[in-house]
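Q: Sharing final_38.cif (mmCIF, C-alpha atoms) below.
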data_work
#
loop_
_atom_site.label_atom_id
_atom_site.label_comp_id
_atom_site.auth_asym_id
_atom_site.auth_seq_id
_atom_site.Cartn_x
_atom_site.Cartn_y
_atom_site.Cartn_z
CA MET A 14 -4.67 37.21 12.14
CA ASN A 15 -5.63 34.77 14.86
CA LEU A 16 -3.23 31.82 14.66
CA GLY A 17 -5.16 29.64 17.09
CA LYS A 18 -8.26 30.02 14.97
CA GLU A 19 -6.38 29.02 11.81
CA PHE A 20 -5.29 25.89 13.62
CA SER A 21 -8.59 24.88 15.20
CA LYS A 22 -10.79 25.47 12.16
CA GLY A 23 -9.32 22.41 10.43
CA ILE A 24 -10.27 20.14 13.30
CA LEU A 25 -13.97 20.92 13.63
CA SER A 26 -15.66 23.71 11.71
CA GLU A 27 -13.76 23.11 8.46
CA ASN A 28 -12.69 19.50 8.94
CA PRO A 29 -11.50 18.45 5.45
CA LEU A 30 -13.20 15.05 5.53
CA PHE A 31 -16.34 15.61 7.60
CA ARG A 32 -17.19 19.22 6.78
CA LEU A 33 -15.59 20.00 3.41
CA THR A 34 -15.94 16.34 2.25
CA LEU A 35 -12.71 16.60 0.26
CA GLY A 36 -10.28 13.77 -0.46
CA MET A 37 -12.96 11.09 -0.29
CA CYS A 38 -11.29 8.52 -2.55
CA PRO A 39 -8.15 7.73 -0.52
CA SER A 40 -10.04 8.22 2.74
CA LEU A 41 -12.62 5.58 1.91
CA ALA A 42 -10.08 3.16 0.52
CA ILE A 43 -7.37 3.10 3.18
CA THR A 44 -9.46 3.21 6.37
CA THR A 45 -9.63 -0.59 6.70
CA SER A 46 -7.42 -0.50 9.79
CA VAL A 47 -6.44 2.10 12.40
CA PHE A 48 -2.76 1.58 11.54
CA ASN A 49 -3.38 2.51 7.90
CA GLY A 50 -5.53 5.49 8.87
CA LEU A 51 -2.85 6.83 11.18
CA GLY A 52 -0.07 6.29 8.64
CA MET A 53 -2.01 7.99 5.86
CA GLY A 54 -2.91 10.88 8.19
CA ILE A 55 0.72 11.46 9.19
CA ALA A 56 2.04 11.19 5.61
CA PHE A 57 -0.68 13.59 4.48
CA THR A 58 0.10 16.10 7.25
CA VAL A 59 3.81 16.12 6.45
CA VAL A 60 3.16 16.71 2.74
CA LEU A 61 0.58 19.41 3.46
CA LEU A 62 2.90 21.17 5.91
CA ALA A 63 5.84 21.12 3.49
CA SER A 64 3.77 22.25 0.52
CA ASN A 65 2.03 25.01 2.48
CA ILE A 66 5.39 26.35 3.72
CA VAL A 67 6.99 26.40 0.28
CA ILE A 68 3.95 27.79 -1.51
CA SER A 69 3.43 30.46 1.12
CA LEU A 70 7.10 31.52 0.87
CA LEU A 71 6.98 31.57 -2.94
CA ARG A 72 3.54 33.17 -3.25
CA LYS A 73 4.96 36.45 -4.55
CA VAL A 74 7.46 34.77 -6.88
CA ILE A 75 5.20 32.28 -8.65
CA PRO A 76 3.53 33.93 -11.67
CA ASP A 77 -0.23 33.80 -11.34
CA SER A 78 -0.91 32.21 -14.72
CA ILE A 79 1.19 29.11 -14.07
CA ARG A 80 0.56 28.73 -10.36
CA ILE A 81 -1.35 25.43 -10.61
CA PRO A 82 1.45 23.54 -12.48
CA CYS A 83 3.95 24.96 -9.99
CA TYR A 84 1.84 23.75 -7.03
CA ILE A 85 1.53 20.31 -8.55
CA VAL A 86 5.30 20.04 -9.13
CA ILE A 87 5.98 21.15 -5.55
CA ILE A 88 3.40 18.76 -4.05
CA ALA A 89 4.54 15.86 -6.25
CA THR A 90 8.14 16.42 -5.17
CA PHE A 91 7.26 16.18 -1.50
CA VAL A 92 5.05 13.15 -2.04
CA THR A 93 7.81 11.32 -3.92
CA MET A 94 10.27 12.11 -1.13
CA ILE A 95 7.84 10.90 1.55
CA GLU A 96 7.23 7.75 -0.49
CA MET A 97 10.93 6.95 -0.71
CA ILE A 98 11.50 7.75 2.96
CA MET A 99 8.60 5.54 4.02
CA HIS A 100 9.82 2.74 1.79
CA ALA A 101 13.26 2.95 3.38
CA PHE A 102 12.30 3.35 7.03
CA THR A 103 8.75 2.00 7.50
CA PRO A 104 8.41 -0.74 4.85
CA GLU A 105 5.39 -2.31 6.58
CA LEU A 106 3.38 0.90 6.42
CA PHE A 107 4.58 1.52 2.88
CA GLU A 108 3.26 -1.84 1.77
CA SER A 109 -0.15 -1.48 3.35
CA LEU A 110 -0.73 2.04 2.00
CA GLY A 111 0.42 0.99 -1.46
CA ILE A 112 -0.97 3.05 -4.31
CA PHE A 113 -2.47 5.67 -1.97
CA ILE A 114 0.86 7.33 -1.17
CA PRO A 115 1.45 8.53 -4.76
CA LEU A 116 -2.23 9.47 -4.83
CA ILE A 117 -1.59 12.11 -2.13
CA VAL A 118 -0.36 14.20 -5.10
CA VAL A 119 -3.88 14.53 -6.44
CA ASN A 120 -5.51 14.71 -3.02
CA CYS A 121 -7.67 17.76 -3.53
CA ILE A 122 -7.25 18.90 0.07
CA ILE A 123 -3.57 19.71 -0.47
CA LEU A 124 -4.08 21.54 -3.74
CA GLY A 125 -7.15 23.15 -2.17
CA ARG A 126 -5.18 24.51 0.80
CA ALA A 127 -2.43 25.76 -1.54
CA GLU A 128 -4.93 27.58 -3.72
CA ALA A 129 -7.33 28.77 -1.02
CA PHE A 130 -4.95 29.57 1.80
CA ALA A 131 -1.18 29.33 1.39
CA ASN A 132 -0.94 31.56 -1.67
CA LYS A 133 -2.83 34.36 0.09
CA ASN A 134 -1.29 34.18 3.56
CA SER A 135 2.12 34.56 5.13
CA LEU A 136 4.22 31.78 6.60
CA ALA A 137 2.92 31.51 10.18
CA PRO A 138 -0.80 31.25 9.37
CA SER A 139 -0.01 28.80 6.56
CA ILE A 140 1.85 26.54 8.97
CA MET A 141 -1.02 26.68 11.44
CA ASP A 142 -3.49 26.00 8.65
CA ALA A 143 -1.50 22.94 7.49
CA LEU A 144 -1.16 21.57 11.02
CA GLY A 145 -4.85 22.08 11.77
CA MET A 146 -6.02 20.60 8.50
CA GLY A 147 -3.57 17.69 8.82
CA LEU A 148 -4.66 16.95 12.37
CA GLY A 149 -8.32 17.25 11.41
CA TYR A 150 -7.85 14.88 8.50
CA THR A 151 -5.88 12.41 10.64
CA LEU A 152 -8.56 12.48 13.35
CA ALA A 153 -11.29 11.95 10.77
CA LEU A 154 -9.42 8.97 9.29
CA LEU A 155 -8.92 7.59 12.82
CA VAL A 156 -12.65 7.86 13.60
CA VAL A 157 -13.68 6.08 10.39
CA SER A 158 -10.97 3.41 10.60
CA THR A 159 -11.63 2.72 14.31
CA PHE A 160 -15.28 1.91 13.56
CA ARG A 161 -14.36 -0.14 10.53
CA GLU A 162 -11.59 -2.13 12.16
CA ILE A 163 -13.53 -2.90 15.35
CA LEU A 164 -16.74 -3.85 13.56
CA GLY A 165 -15.19 -5.43 10.48
CA ALA A 166 -12.20 -7.32 11.79
CA GLY A 167 -12.95 -7.40 15.53
CA THR A 168 -9.58 -5.85 16.33
CA PHE A 169 -8.14 -2.48 17.34
CA LEU A 170 -4.61 -1.70 16.12
CA GLY A 171 -4.28 -5.44 15.53
CA TYR A 172 -5.31 -6.49 19.06
CA ALA A 173 -8.32 -8.81 19.13
CA ILE A 174 -11.46 -7.39 20.77
CA PHE A 175 -14.35 -9.46 19.44
CA GLY A 176 -14.28 -12.98 18.09
CA GLN A 177 -17.14 -12.22 15.73
CA SER A 178 -17.04 -9.51 13.08
CA ALA A 179 -19.09 -8.17 10.19
CA LEU A 180 -16.89 -8.56 7.15
CA ILE A 181 -18.82 -5.95 5.17
CA MET A 182 -17.34 -3.14 7.32
CA ILE A 183 -13.83 -3.90 5.97
CA LEU A 184 -15.09 -4.09 2.38
CA PRO A 185 -15.83 -0.89 0.41
CA PRO A 186 -19.53 -0.66 1.43
CA GLY A 187 -18.43 -0.45 5.07
CA ALA A 188 -16.52 2.75 4.28
CA PHE A 189 -19.62 4.43 2.86
CA ILE A 190 -21.85 3.20 5.71
CA THR A 191 -19.42 4.45 8.37
CA LEU A 192 -18.83 7.80 6.72
CA GLY A 193 -22.57 8.30 6.17
CA CYS A 194 -23.34 7.58 9.82
CA VAL A 195 -20.59 9.90 11.09
CA LEU A 196 -21.69 12.74 8.77
CA ALA A 197 -25.34 12.29 9.81
CA PHE A 198 -24.34 12.36 13.48
CA LEU A 199 -22.24 15.54 13.05
CA ASN A 200 -25.04 17.27 11.11
CA LYS A 201 -27.50 16.36 13.85
CA ILE A 202 -25.25 17.91 16.49
CA GLN A 203 -24.72 21.00 14.38
CA ASN A 204 -28.47 21.46 13.84
CA ARG A 205 -29.15 21.09 17.53
CA THR A 206 -26.56 23.70 18.53
CA LYS A 207 -27.95 26.06 15.87
CA HIS A 208 -31.47 25.60 17.25
CA SER A 209 -30.44 26.27 20.80
CA VAL A 210 -28.63 29.43 19.70
CA ASN A 211 -31.73 30.61 17.78
CA SER A 212 -34.19 29.95 20.57
CA MET B 28 6.26 35.63 -26.96
CA ARG B 29 8.55 37.01 -24.31
CA LYS B 30 5.95 36.18 -21.65
CA VAL B 31 5.69 32.58 -22.79
CA LEU B 32 9.47 32.23 -22.60
CA LYS B 33 9.56 33.76 -19.15
CA LEU B 34 6.85 31.46 -17.85
CA SER B 35 8.38 28.32 -19.31
CA LEU B 36 11.77 29.29 -17.92
CA PHE B 37 10.22 29.69 -14.48
CA LEU B 38 8.54 26.30 -14.72
CA LEU B 39 11.85 24.80 -15.88
CA ILE B 40 13.61 26.20 -12.82
CA VAL B 41 10.92 24.92 -10.46
CA ALA B 42 11.00 21.47 -12.08
CA SER B 43 14.80 21.20 -12.00
CA ILE B 44 14.97 22.16 -8.31
CA ALA B 45 12.34 19.50 -7.69
CA GLY B 46 14.29 16.97 -9.75
CA PHE B 47 17.55 17.65 -7.92
CA SER B 48 15.98 17.36 -4.49
CA ILE B 49 14.25 14.10 -5.39
CA SER B 50 17.48 12.60 -6.68
CA TYR B 51 19.23 13.69 -3.47
CA VAL B 52 16.65 11.89 -1.29
CA ASN B 53 16.76 8.91 -3.64
CA GLY B 54 20.53 8.71 -3.17
CA ILE B 55 20.01 8.39 0.60
CA THR B 56 17.08 5.97 0.59
CA ASP B 57 17.89 3.74 -2.37
CA PRO B 58 20.67 1.66 -0.72
CA LEU B 59 18.43 1.15 2.34
CA ILE B 60 15.51 -0.03 0.19
CA GLU B 61 17.80 -2.30 -1.80
CA GLN B 62 19.26 -3.83 1.35
CA GLN B 63 15.79 -4.33 2.81
CA ASN B 64 14.54 -6.09 -0.31
CA ALA B 65 17.55 -8.39 -0.34
CA GLU B 66 17.12 -9.28 3.35
CA LYS B 67 13.43 -9.87 2.87
CA LYS B 68 14.07 -12.14 -0.08
CA GLN B 69 16.66 -14.16 1.83
CA SER B 70 14.37 -14.65 4.82
CA SER B 71 11.45 -15.70 2.63
CA PHE B 72 13.70 -18.20 0.85
CA ASN B 73 14.46 -19.60 4.27
CA ASP B 74 10.74 -19.87 5.05
CA VAL B 75 10.07 -21.77 1.86
CA TYR B 76 13.14 -24.01 1.87
CA PRO B 77 14.62 -24.12 5.38
CA GLY B 78 18.14 -25.24 6.03
CA ALA B 79 19.88 -24.33 2.76
CA ASP B 80 23.43 -22.99 2.98
CA ASP B 81 23.10 -20.85 -0.09
CA VAL B 82 20.40 -19.87 -2.55
CA LYS B 83 21.42 -18.83 -6.06
CA ASP B 84 19.27 -17.19 -8.69
CA GLU B 85 19.63 -19.40 -11.77
CA SER B 86 16.68 -18.02 -13.71
CA LYS B 87 18.79 -17.37 -16.80
CA LYS B 88 19.65 -21.01 -17.11
CA TYR B 89 16.20 -22.45 -16.48
CA ILE B 90 13.73 -19.91 -17.87
CA THR B 91 13.62 -20.41 -21.63
CA ASN B 92 11.20 -19.20 -24.25
CA ASP B 93 9.16 -22.37 -23.86
CA SER B 94 8.61 -21.97 -20.13
CA ASP B 95 5.35 -20.54 -18.88
CA GLU B 96 5.50 -16.76 -18.45
CA VAL B 97 4.00 -17.12 -14.97
CA VAL B 98 7.41 -18.40 -13.84
CA LYS B 99 9.49 -15.35 -12.92
CA GLU B 100 12.51 -16.74 -11.10
CA VAL B 101 14.17 -20.09 -10.52
CA ASN B 102 16.38 -20.16 -7.44
CA ILE B 103 18.40 -23.20 -6.51
CA ALA B 104 19.02 -24.02 -2.85
CA TYR B 105 22.41 -25.60 -2.13
CA LYS B 106 23.56 -27.62 0.83
CA SER B 107 27.34 -28.12 0.88
CA ASN B 108 27.43 -27.21 -2.81
CA ILE B 109 24.93 -29.88 -3.84
CA PRO B 110 21.58 -28.64 -5.20
CA VAL B 111 18.91 -29.89 -2.83
CA GLY B 112 15.91 -27.69 -3.51
CA VAL B 113 14.31 -25.35 -6.02
CA ILE B 114 12.49 -22.15 -5.08
CA TYR B 115 10.25 -20.64 -7.75
CA THR B 116 8.89 -17.14 -7.91
CA VAL B 117 5.59 -17.30 -9.78
CA LYS B 118 3.01 -14.63 -10.53
CA PRO B 119 -0.39 -16.12 -11.36
CA ASN B 120 -3.46 -13.96 -11.96
CA GLY B 121 -5.64 -13.66 -8.88
CA TYR B 122 -9.08 -12.18 -8.43
CA ASN B 123 -7.82 -8.60 -8.22
CA GLY B 124 -4.47 -8.72 -9.98
CA LYS B 125 -1.23 -10.66 -9.87
CA ILE B 126 -0.33 -12.73 -6.85
CA GLU B 127 3.43 -12.93 -6.32
CA MET B 128 4.45 -16.06 -4.49
CA LEU B 129 7.29 -18.47 -3.75
CA VAL B 130 6.98 -22.23 -4.17
CA GLY B 131 9.69 -24.49 -2.77
CA PHE B 132 10.42 -28.08 -3.88
CA ASP B 133 12.71 -30.69 -2.45
CA ILE B 134 14.66 -32.36 -5.26
CA ASN B 135 15.18 -35.61 -3.38
CA SER B 136 11.64 -36.37 -2.26
CA LYS B 137 9.92 -34.49 -5.13
CA LYS B 138 7.62 -32.84 -2.62
CA ILE B 139 6.50 -29.24 -2.05
CA THR B 140 8.36 -27.93 0.98
CA ALA B 141 6.26 -24.79 1.44
CA ILE B 142 4.66 -21.88 -0.36
CA LYS B 143 4.65 -18.23 0.61
CA ILE B 144 2.61 -15.33 -0.75
CA LEU B 145 4.88 -12.29 -1.19
CA SER B 146 2.39 -9.73 -2.45
CA GLN B 147 -1.25 -9.76 -3.44
CA SER B 148 -4.15 -7.36 -3.81
CA GLU B 149 -7.03 -9.73 -3.10
CA THR B 150 -10.18 -8.74 -1.19
CA PRO B 151 -9.33 -7.94 2.46
CA GLY B 152 -10.87 -10.50 4.79
CA LEU B 153 -11.49 -13.01 1.99
CA GLY B 154 -8.86 -13.63 -0.68
CA ALA B 155 -6.23 -11.74 1.30
CA ASN B 156 -6.35 -14.61 3.80
CA SER B 157 -4.34 -16.58 1.24
CA LYS B 158 -1.20 -15.06 2.74
CA GLU B 159 -2.05 -16.51 6.17
CA SER B 160 -0.27 -19.69 7.17
CA PHE B 161 -3.49 -21.70 7.65
CA PHE B 162 -3.94 -21.71 3.87
CA SER B 163 -0.34 -21.96 2.68
CA ASP B 164 0.26 -24.83 5.12
CA ARG B 165 -2.28 -26.87 3.18
CA PHE B 166 0.26 -27.11 0.34
CA LYS B 167 3.09 -28.39 2.53
CA GLY B 168 4.37 -31.85 1.69
CA LEU B 169 2.19 -32.39 -1.37
CA ASN B 170 3.63 -34.62 -4.04
CA ALA B 171 4.98 -32.66 -7.01
CA GLU B 172 4.35 -35.39 -9.53
CA SER B 173 0.61 -34.98 -9.94
CA SER B 174 -1.53 -31.89 -10.46
CA ILE B 175 -2.93 -30.07 -7.41
CA GLU B 176 -6.67 -29.48 -7.33
CA ILE B 177 -8.70 -27.04 -5.24
CA VAL B 178 -11.77 -28.60 -3.60
CA LYS B 179 -14.56 -27.05 -1.53
CA LYS B 180 -15.46 -30.05 0.60
CA GLU B 181 -13.73 -30.92 3.85
CA SER B 182 -12.58 -34.41 2.90
CA VAL B 183 -9.35 -33.83 1.00
CA GLN B 184 -7.61 -36.66 -0.81
CA ASP B 185 -4.02 -36.79 -2.02
CA ASN B 186 -3.08 -33.66 -3.90
CA GLU B 187 -6.33 -31.90 -3.12
CA VAL B 188 -6.33 -28.61 -1.24
CA LEU B 189 -9.30 -27.18 0.61
CA ALA B 190 -10.28 -23.73 -0.76
CA ILE B 191 -10.51 -20.63 1.44
CA THR B 192 -14.19 -20.10 2.28
CA ALA B 193 -15.72 -17.51 -0.09
CA ALA B 194 -12.42 -17.08 -1.95
CA THR B 195 -12.38 -19.94 -4.44
CA ILE B 196 -10.96 -17.82 -7.27
CA THR B 197 -8.00 -16.76 -5.16
CA SER B 198 -7.45 -20.33 -3.95
CA LYS B 199 -7.51 -21.60 -7.52
CA ALA B 200 -5.08 -18.86 -8.59
CA VAL B 201 -2.62 -19.89 -5.89
CA ALA B 202 -2.97 -23.54 -6.93
CA SER B 203 -2.43 -22.64 -10.58
CA GLY B 204 0.81 -20.87 -9.64
CA VAL B 205 1.93 -23.93 -7.71
CA ASN B 206 1.02 -26.16 -10.64
CA VAL B 207 3.02 -24.10 -13.14
CA ALA B 208 6.06 -24.27 -10.85
CA ARG B 209 5.41 -27.98 -10.33
CA GLN B 210 5.43 -28.70 -14.06
CA HIS B 211 8.65 -26.76 -14.54
CA PHE B 212 10.19 -28.59 -11.59
CA ILE B 213 9.18 -32.03 -12.87
CA SER B 214 10.49 -31.42 -16.38
CA ASN B 215 13.79 -29.85 -15.25
CA PHE B 216 14.81 -31.37 -11.94
CA ALA B 217 13.07 -34.71 -11.46
CA LYS B 218 14.83 -36.99 -13.84
#
Could you render the structure as structure tokens?
A:
Amino acid sequence: MNLGKEFSKGILSENPLFRLTLGMCPSLAITTSVFNGLGMGIAFTVVLLASNIVISLLRKVIPDSIRIPCYIVIIATFVTMIEMIMHAFTPELFESLGIFIPLIVVNCIILGRAEAFANKNSLAPSIMDALGMGLGYTLALLVVSTFREILGAGTFLGYAIFGQSALIMILPPGAFITLGCVLAFLNKIQNRTKHSVNS
Amino acid sequence: MRKVLKLSLFLLIVASIAGFSISYVNGITDPLIEQQNAEKKQSSFNDVYPGADDVKDESKKYITNDSDEVVKEVNIAYKSNIPVGVIYTVKPNGYNGKIEMLVGFDINSKKITAIKILSQSETPGLGANSKESFFSDRFKGLNAESSIEIVKKESVQDNEVLAITAATITSKAVASGVNVARQHFISNFAK
């Protein structure tokens, strides 16, 4: 088992947001500012790491027929803990992420990694998988939220860049436009590299 | 039958471990959250009615069955044990849900000292601007004795407040919250 490959696949070839297009709902909603994107990415990575570790350790103990309820209980526990910890120590971030922290529970990427990876693999690859997927998801959120914050609010991490801004980029349509453009760009690159390999 | 029992027992164990660990973390974080909320409340009271020695929650005394349900809390600001101001917590309906806000009144001059939006879920970039000081400052010093109207033109007269551009519903919601507090204030404290 190649640990480096388990880590790097989440960043590019199997990026949860850009390649697997999982977890769209929270990703589109919270990427109005880079700060939110980063906070969501970190919270997500911590939950994914914790749930992958526990599920990978318990993969031989959990009976197959009730594995999904067990995963959900485990994931929900970690999300609730993260929510309380964020509320206590980073209240500003907690307020701006709002409803999307509890929604990490039903983020299909986490359940997807538990089902597709952690319950079939031992501890070390599961940790690498969680870190790679978490980093990939965080990077994807950062890309989308950077475009949206700069174009929509004229700021980056709260610092003013432009005086003028296109409000639509902060509103929900801006999320779809940005994501569509990024996906189109990545597909274009992928097609080009495929062509050059073929010819 | 035996299998069902075994599975439910397993799920029970998993759930109780989860429950215990959550309550452990809650025990650590809860006092911190509580303390933070209290500090935040105190500092927002100070923003809305500066210079009070003490602010006491007297909602039980002043919120009766007849009062509007938008009024959530009535806090009295004291200066050397004399009530000088009233700070209301009101929750009017905005464009996207409830807007929680504080409205402060000075008992002596019967004027609005300031308003402050505590939480809202209005459209980012439009209605969400209601929490910015440029809008809330427009309510400062208005007379509490007559109703406050939202207008869209630049020339504002007494007790008129200029709406936020492209967020008239939110502006009106904020004004309605202020008006509810204003009515309660006039009927209870301005005699």
Q: In Å, how far is it from atom CA of Thr91 of chain B to atom CA of Lys68 of chain B?
A: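 Interatomic distance, atom CA of Thr91 of chain B to atom CA of Lys68 of chain B: 23.1 Å.
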Q: At a cut-off of 10 Å, list the chain A residues touching chain B, using all atoms listed in the file, as a VMD selection string.
A: chain A and resid 45 74 to 80 82 to 84 86 to 95 97 to 102 104 108 111 165 to 166 180 to 181 183 to 185
Q: Looking at all atoms listed in the file, which of A:Ser209, A:Lys18, A:Tyr150, A:Val156 is the one that sits closest to Phe169 of chain A?
A: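 Counting all atoms listed in the file, the residue closest to Phe169 of chain A is A:Val156.
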Q: In Å, rounded to a single decimal, give me how far atom CA of Ile43 of chain A is from atom CA of Ala188 of chain A.
A: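 About the pair atom CA of Ala188 of chain A and atom CA of Ile43 of chain A: they are 9.2 Å apart.
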Q: Closest to Thr116 of chain B among B:Ile40, B:Val183, B:Ala208, B:Ala202, using only C-alpha atoms?
A: B:Ala208
Q: Using all atoms listed in the file, determine which residues lie at most 9 Å from Met141 of chain A, disregarding the query and same-chain residues fewer than 6 positions distant; provide the list as an MDAnalysis selection string.
A: chainID A and resid 16:21 62
Q: Quote the spacing between atom CA of Thr58 of chain A and atom CA of Thr191 of chain A in Å to one decimal place.
A: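 Going from atom CA of Thr58 of chain A over to atom CA of Thr191 of chain A, I get 22.8 Å.
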Q: Going by the chain IDs and residue numbers used in this file, which residues fall under the PyMOL selection byres ((chain A and resi 193-208) around 12)? Write them as a PDB file with C-alpha atoms, in the frame of the given file.
A:
ATOM      1  CA  LEU A  25     -13.970  20.920  13.630  1.00  0.00           C
ATOM      2  CA  SER A  26     -15.660  23.710  11.710  1.00  0.00           C
ATOM      3  CA  ASN A  28     -12.690  19.500   8.940  1.00  0.00           C
ATOM      4  CA  LEU A  30     -13.200  15.050   5.530  1.00  0.00           C
ATOM      5  CA  PHE A  31     -16.340  15.610   7.600  1.00  0.00           C
ATOM      6  CA  ARG A  32     -17.190  19.220   6.780  1.00  0.00           C
ATOM      7  CA  LEU A  33     -15.590  20.000   3.410  1.00  0.00           C
ATOM      8  CA  THR A  34     -15.940  16.340   2.250  1.00  0.00           C
ATOM      9  CA  MET A  37     -12.960  11.090  -0.290  1.00  0.00           C
ATOM     10  CA  LEU A  41     -12.620   5.580   1.910  1.00  0.00           C
ATOM     11  CA  ALA A 153     -11.290  11.950  10.770  1.00  0.00           C
ATOM     12  CA  LEU A 154      -9.420   8.970   9.290  1.00  0.00           C
ATOM     13  CA  VAL A 156     -12.650   7.860  13.600  1.00  0.00           C
ATOM     14  CA  VAL A 157     -13.680   6.080  10.390  1.00  0.00           C
ATOM     15  CA  SER A 158     -10.970   3.410  10.600  1.00  0.00           C
ATOM     16  CA  THR A 159     -11.630   2.720  14.310  1.00  0.00           C
ATOM     17  CA  PHE A 160     -15.280   1.910  13.560  1.00  0.00           C
ATOM     18  CA  ARG A 161     -14.360  -0.140  10.530  1.00  0.00           C
ATOM     19  CA  PRO A 186     -19.530  -0.660   1.430  1.00  0.00           C
ATOM     20  CA  GLY A 187     -18.430  -0.450   5.070  1.00  0.00           C
ATOM     21  CA  ALA A 188     -16.520   2.750   4.280  1.00  0.00           C
ATOM     22  CA  PHE A 189     -19.620   4.430   2.860  1.00  0.00           C
ATOM     23  CA  ILE A 190     -21.850   3.200   5.710  1.00  0.00           C
ATOM     24  CA  THR A 191     -19.420   4.450   8.370  1.00  0.00           C
ATOM     25  CA  LEU A 192     -18.830   7.800   6.720  1.00  0.00           C
ATOM     26  CA  SER A 209     -30.440  26.270  20.800  1.00  0.00           C
ATOM     27  CA  VAL A 210     -28.630  29.430  19.700  1.00  0.00           C
ATOM     28  CA  ASN A 211     -31.730  30.610  17.780  1.00  0.00           C
ATOM     29  CA  SER A 212     -34.190  29.950  20.570  1.00  0.00           C
TER      30      SER A 212
END
Q: Which residues, named as in the file, does the PyMOL selection byres ((chain B and resi 89) around 9) pick out? Answer as a list of chain:residue names.
A: B:Glu85, B:Ser86, B:Lys87, B:Lys88, B:Ile90, B:Thr91, B:Ser94, B:Glu100, B:Val101, B:His211, B:Asn215
Q: Pull out every residue that the PyMOL selection byres ((chain B and resi 117-132) around 6) matches in the shown coordinates and put them as a list of chain:residue names.
A: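 When the PyMOL selection byres ((chain B and resi 117-132) around 6) is applied to the shown file, the picked residues are B:Val75, B:Tyr76, B:Val97, B:Val98, B:Lys99, B:Gly112, B:Val113, B:Ile114, B:Tyr115, B:Thr116, B:Asp133, B:Lys138, B:Ile139, B:Thr140, B:Ala141, B:Ile142, B:Lys143, B:Ile144, B:Leu145, B:Ser146, B:Gln147, B:Ser148, B:Glu149, B:Thr197, B:Ala200, B:Gly204.
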Q: Determine, counting all atoms listed in the file, which protein, DNA and RNA residues have an atom within 7 Å of an atom of segment 184-191 of chain B; residues of the same chain fewer than 5 positions away are not included. Present the result as a PDB file with C-alpha atoms, keeping the file's coordinate frame.
A:
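Contents of result_20.pdb, as written:
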ATOM      1  CA  ARG B 165      -2.280 -26.870   3.180  1.00  0.00           C
ATOM      2  CA  PHE B 166       0.260 -27.110   0.340  1.00  0.00           C
ATOM      3  CA  LEU B 169       2.190 -32.390  -1.370  1.00  0.00           C
ATOM      4  CA  ASN B 170       3.630 -34.620  -4.040  1.00  0.00           C
ATOM      5  CA  SER B 174      -1.530 -31.890 -10.460  1.00  0.00           C
ATOM      6  CA  ILE B 175      -2.930 -30.070  -7.410  1.00  0.00           C
ATOM      7  CA  GLU B 176      -6.670 -29.480  -7.330  1.00  0.00           C
ATOM      8  CA  ILE B 177      -8.700 -27.040  -5.240  1.00  0.00           C
ATOM      9  CA  VAL B 178     -11.770 -28.600  -3.600  1.00  0.00           C
ATOM     10  CA  LYS B 179     -14.560 -27.050  -1.530  1.00  0.00           C
ATOM     11  CA  SER B 198      -7.450 -20.330  -3.950  1.00  0.00           C
TER      12      SER B 198
END
Q: My list of candidates is A:Ile66, A:Met182, A:Ala137, A:Val60. Which is closest to Asn15 of chain A when distances are computed with all atoms listed in the file?
A: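 Counting all atoms listed in the file, the residue closest to Asn15 of chain A is A:Ala137.
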Q: Which neighbours of Leu110 of chain A fall inside 9 Å, counting all atoms listed in the file, when residues of the same chain fewer than 5 positions from it are skipped, and could you give them as a list in words?
A: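 Final neighbour list, sorted by chain and number: Ile43, Asn49, Gly52, Met53 and Glu105 of chain A.
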Q: Which one is closest to Met146 of chain A: A:Gly50, A:Pro29, A:Gly125, A:Gly176? Count all atoms listed in the file.
A: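 Nearest candidate to Met146 of chain A out of A:Gly50, A:Pro29, A:Gly125, A:Gly176: A:Pro29.
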